[in-house]
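Structure data follow from data.cif (mmCIF, C-alpha atoms):
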data_query
loop_
_atom_site.label_atom_id
_atom_site.label_comp_id
_atom_site.auth_asym_id
_atom_site.auth_seq_id
_atom_site.Cartn_x
_atom_site.Cartn_y
_atom_site.Cartn_z
CA MET A 1 130.94 33.49 88.97
CA THR A 2 131.15 33.06 85.21
CA ILE A 3 134.38 32.72 83.26
CA SER A 4 133.87 36.23 81.92
CA GLN A 5 133.49 37.65 85.43
CA LEU A 6 136.61 35.80 86.57
CA GLN A 7 138.58 37.23 83.64
CA VAL A 8 137.44 40.78 84.47
CA SER A 9 138.26 40.23 88.14
CA ASN A 10 141.71 38.89 87.22
CA SER A 11 142.32 41.86 84.90
CA ILE A 12 141.43 44.31 87.67
CA LEU A 13 143.80 42.54 90.06
CA GLU A 14 146.56 42.66 87.41
CA LEU A 15 145.92 46.36 86.85
CA ILE A 16 146.18 47.07 90.59
CA ARG A 17 149.41 45.08 90.86
CA TYR A 18 150.77 46.75 87.73
CA ALA A 19 149.94 50.16 89.17
CA LEU A 20 151.75 49.36 92.43
CA VAL A 21 154.86 48.10 90.64
CA GLY A 22 154.71 51.11 88.32
CA VAL A 23 154.23 53.76 91.00
CA ILE A 24 157.11 52.45 93.06
CA SER A 25 159.55 51.92 90.19
CA ASN A 26 158.59 54.97 88.10
CA SER A 27 158.52 57.43 90.98
CA THR A 28 161.96 56.25 92.08
CA ILE A 29 163.36 56.43 88.56
CA TYR A 30 161.72 59.82 87.91
CA LEU A 31 163.28 61.19 91.10
CA VAL A 32 166.70 59.98 89.93
CA TYR A 33 165.96 61.53 86.50
CA LEU A 34 165.22 64.90 88.14
CA ILE A 35 168.38 64.72 90.24
CA ILE A 36 170.77 63.83 87.44
CA THR A 37 169.27 66.34 85.00
CA TYR A 38 169.55 68.98 87.73
CA PHE A 39 173.28 68.28 87.79
CA GLY A 40 173.54 68.82 84.03
CA VAL A 41 172.92 65.46 82.38
CA ASN A 42 171.02 65.92 79.10
CA SER A 43 167.36 64.86 79.43
CA LYS A 44 167.52 62.33 76.56
CA ILE A 45 170.72 60.76 77.89
CA ALA A 46 169.24 60.55 81.40
CA MET A 47 166.03 58.99 80.07
CA THR A 48 168.04 56.46 78.04
CA LEU A 49 170.20 55.37 80.97
CA LEU A 50 167.24 55.11 83.31
CA TYR A 51 165.13 53.24 80.77
CA PHE A 52 167.44 50.26 80.98
CA ILE A 53 167.40 50.28 84.77
CA GLY A 54 163.61 50.59 84.77
CA LEU A 55 163.30 47.80 82.22
CA SER A 56 165.06 45.37 84.56
CA ILE A 57 163.17 46.39 87.69
CA ALA A 58 159.80 46.29 85.94
CA PHE A 59 160.46 42.90 84.36
CA ILE A 60 161.07 41.33 87.74
CA GLY A 61 158.02 42.94 89.35
CA ASN A 62 155.66 42.34 86.47
CA SER A 63 156.75 38.82 85.57
CA LYS A 64 156.85 37.54 89.14
CA TRP A 65 153.87 39.35 90.64
CA THR A 66 151.64 41.36 88.27
CA PHE A 67 151.23 38.75 85.55
CA ALA A 68 152.21 35.71 87.60
CA GLY A 69 151.35 32.28 86.28
CA HIS A 70 152.99 32.48 82.87
CA LYS A 71 156.11 30.61 81.89
CA ASN A 72 159.23 32.74 81.62
CA SER A 73 160.79 31.83 78.32
CA ILE A 74 163.01 33.36 75.71
CA GLN A 75 159.88 34.36 73.80
CA VAL A 76 158.61 36.33 76.81
CA VAL A 77 161.96 38.09 77.17
CA VAL A 78 162.09 38.90 73.44
CA ARG A 79 158.52 40.27 73.47
CA TYR A 80 159.35 42.26 76.62
CA LEU A 81 162.42 43.78 74.98
CA LEU A 82 160.40 44.58 71.83
CA THR A 83 157.79 46.32 73.96
CA TYR A 84 160.43 48.36 75.77
CA SER A 85 162.16 49.20 72.48
CA LEU A 86 158.89 50.53 71.08
CA SER A 87 158.13 52.54 74.21
CA TYR A 88 161.69 53.87 74.31
CA LEU A 89 161.27 55.22 70.77
CA VAL A 90 157.90 56.73 71.71
CA ASN A 91 159.45 58.35 74.81
CA LEU A 92 162.44 59.67 72.89
CA SER A 93 160.14 61.09 70.19
CA ILE A 94 158.05 62.82 72.84
CA LEU A 95 161.17 64.47 74.31
CA ILE A 96 162.47 65.54 70.90
CA ILE A 97 159.12 66.99 69.82
CA PHE A 98 157.97 68.64 73.04
CA VAL A 99 161.32 69.68 74.56
CA ASP A 100 163.66 70.27 71.62
CA ARG A 101 161.16 71.55 69.07
CA LEU A 102 158.35 73.11 71.11
CA GLY A 103 160.40 74.25 74.10
CA TYR A 104 158.42 72.71 76.96
CA ALA A 105 160.16 71.93 80.26
CA HIS A 106 161.68 68.45 80.14
CA GLN A 107 160.55 67.73 83.70
CA LEU A 108 156.87 68.11 82.77
CA VAL A 109 157.23 66.35 79.45
CA GLN A 110 159.00 63.33 80.94
CA GLY A 111 156.54 63.15 83.83
CA SER A 112 153.65 63.09 81.35
CA ALA A 113 155.44 60.61 79.10
CA ILE A 114 155.76 58.19 82.03
CA LEU A 115 151.97 58.09 82.35
CA LEU A 116 151.42 57.56 78.63
CA ILE A 117 154.07 54.83 78.47
CA ALA A 118 152.55 53.13 81.53
CA VAL A 119 149.23 52.71 79.71
CA LEU A 120 151.00 51.44 76.60
CA HIS A 121 153.00 48.96 78.68
CA PHE A 122 149.99 47.56 80.52
CA ILE A 123 148.16 46.86 77.28
CA LEU A 124 151.19 45.28 75.61
CA PHE A 125 152.26 43.34 78.69
CA LYS A 126 148.79 41.87 79.20
CA HIS A 127 148.04 41.01 75.57
CA PHE A 128 151.47 40.46 74.03
CA VAL A 129 154.26 39.83 76.53
CA PHE A 130 152.71 37.89 79.41
CA ASN A 131 149.66 36.50 77.60
CA LYS A 132 149.15 32.97 78.92
CA LYS A 133 147.49 31.86 75.68
CA ILE A 134 150.57 32.59 73.57
CA ASN A 135 153.06 31.50 76.25
CA THR A 136 151.95 27.89 76.52
#
Would you mind giving the structure from this file in structure tokens?
Amino acid sequence: MTISQLQVSNSILELIRYALVGVISNSTIYLVYLIITYFGVNSKIAMTLLYFIGLSIAFIGNSKWTFAGHKNSIQVVVRYLLTYSLSYLVNLSILIIFVDRLGYAHQLVQGSAILLIAVLHFILFKHFVFNKKINT
């Protein structure tokens, strides 16, 4: 196997692991989101509270399993928090635009936003947060 083939193989394995961590954590958090919004919590407040819980769960799963082999450092944590800050703002903007302004159901909008944010996270985690070349 060439180095290029090994890199592709490793990326596929990371994507599978990322998907497993994401499906488990996001489906659990989305279920909690649906429950607490059902009981009257504003969708943006619910998303904000759950974002911080999801951030912690995902960091553990992704740093220890998905992108294993990097050194956890303050730089990794800072880049991780920057990534989550960016995606939080994207998610909040999506809710404001599609729920508040356009009137779509928050349940559908947030469910779709989770998928979009998942793609954004994988790209940023792989190339910015847990990149072994910049973490050495």
Could you tell me, as a list in words, which residues have any atom at most 12 Å from (149.8, 55.4, 82.2), counting all atoms listed in the file?
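Every polymer residue passing the test: Leu15, Tyr18, Ala19, Gly22, Val23, Asn26, Ser87, Gly111, Ser112, Ala113, Ile114, Leu115, Leu116, Ile117, Ala118, Val119, Leu120, His121, Phe122 and Ile123 of chain A.
Residue nearest Ile57 (chain A), chosen from A:Val90, A:Ile29, A:Leu124, A:Leu82 and counting all atoms listed in the file: A:Ile29.
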Can you work out which one of A:Leu108, A:Trp65, A:Met47, A:Arg79 has the shortest atom-to-atom distance to Val32 (chain A), counting only C-alpha atoms?
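Among the listed residues, A:Met47 lies closest to Val32 (chain A).
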Quick one: of A:Ser93, A:Ser56, A:Asn10, A:Asn131, who's nearest to Leu81 (chain A), counting all atoms listed in the file?
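Smallest separation from Leu81 (chain A) among the options: A:Ser56.
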Explicit residue set for the PyMOL selection byres ((chain A and resi 43) around 10), as a ChimeraX atom specification
/A:33-34,36-38,40-42,44-48,92,95-96,99,106-107,110
In terms of the shortest atom-to-atom distance over all atoms listed in the file, which of A:Ile97, A:Leu55, A:Ile74, A:Ala68 is closest to Ser11 (chain A)?
A:Ala68
Go ahead and find all residues with at least one atom no further than 12 Å from (157.1, 40.0, 86.1) in the file's coordinates, using only C-alpha atoms; report them as a ChimeraX atom specification.
/A:14,17-18,21-22,55-73,76-77,80,122,125-126,129-131
As an exercise, work out the distance from CA of Ile53 (chain A) to CA of Leu102 (chain A) in Å and give it to one decimal place.
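These atoms are spaced 28.1 Å apart.
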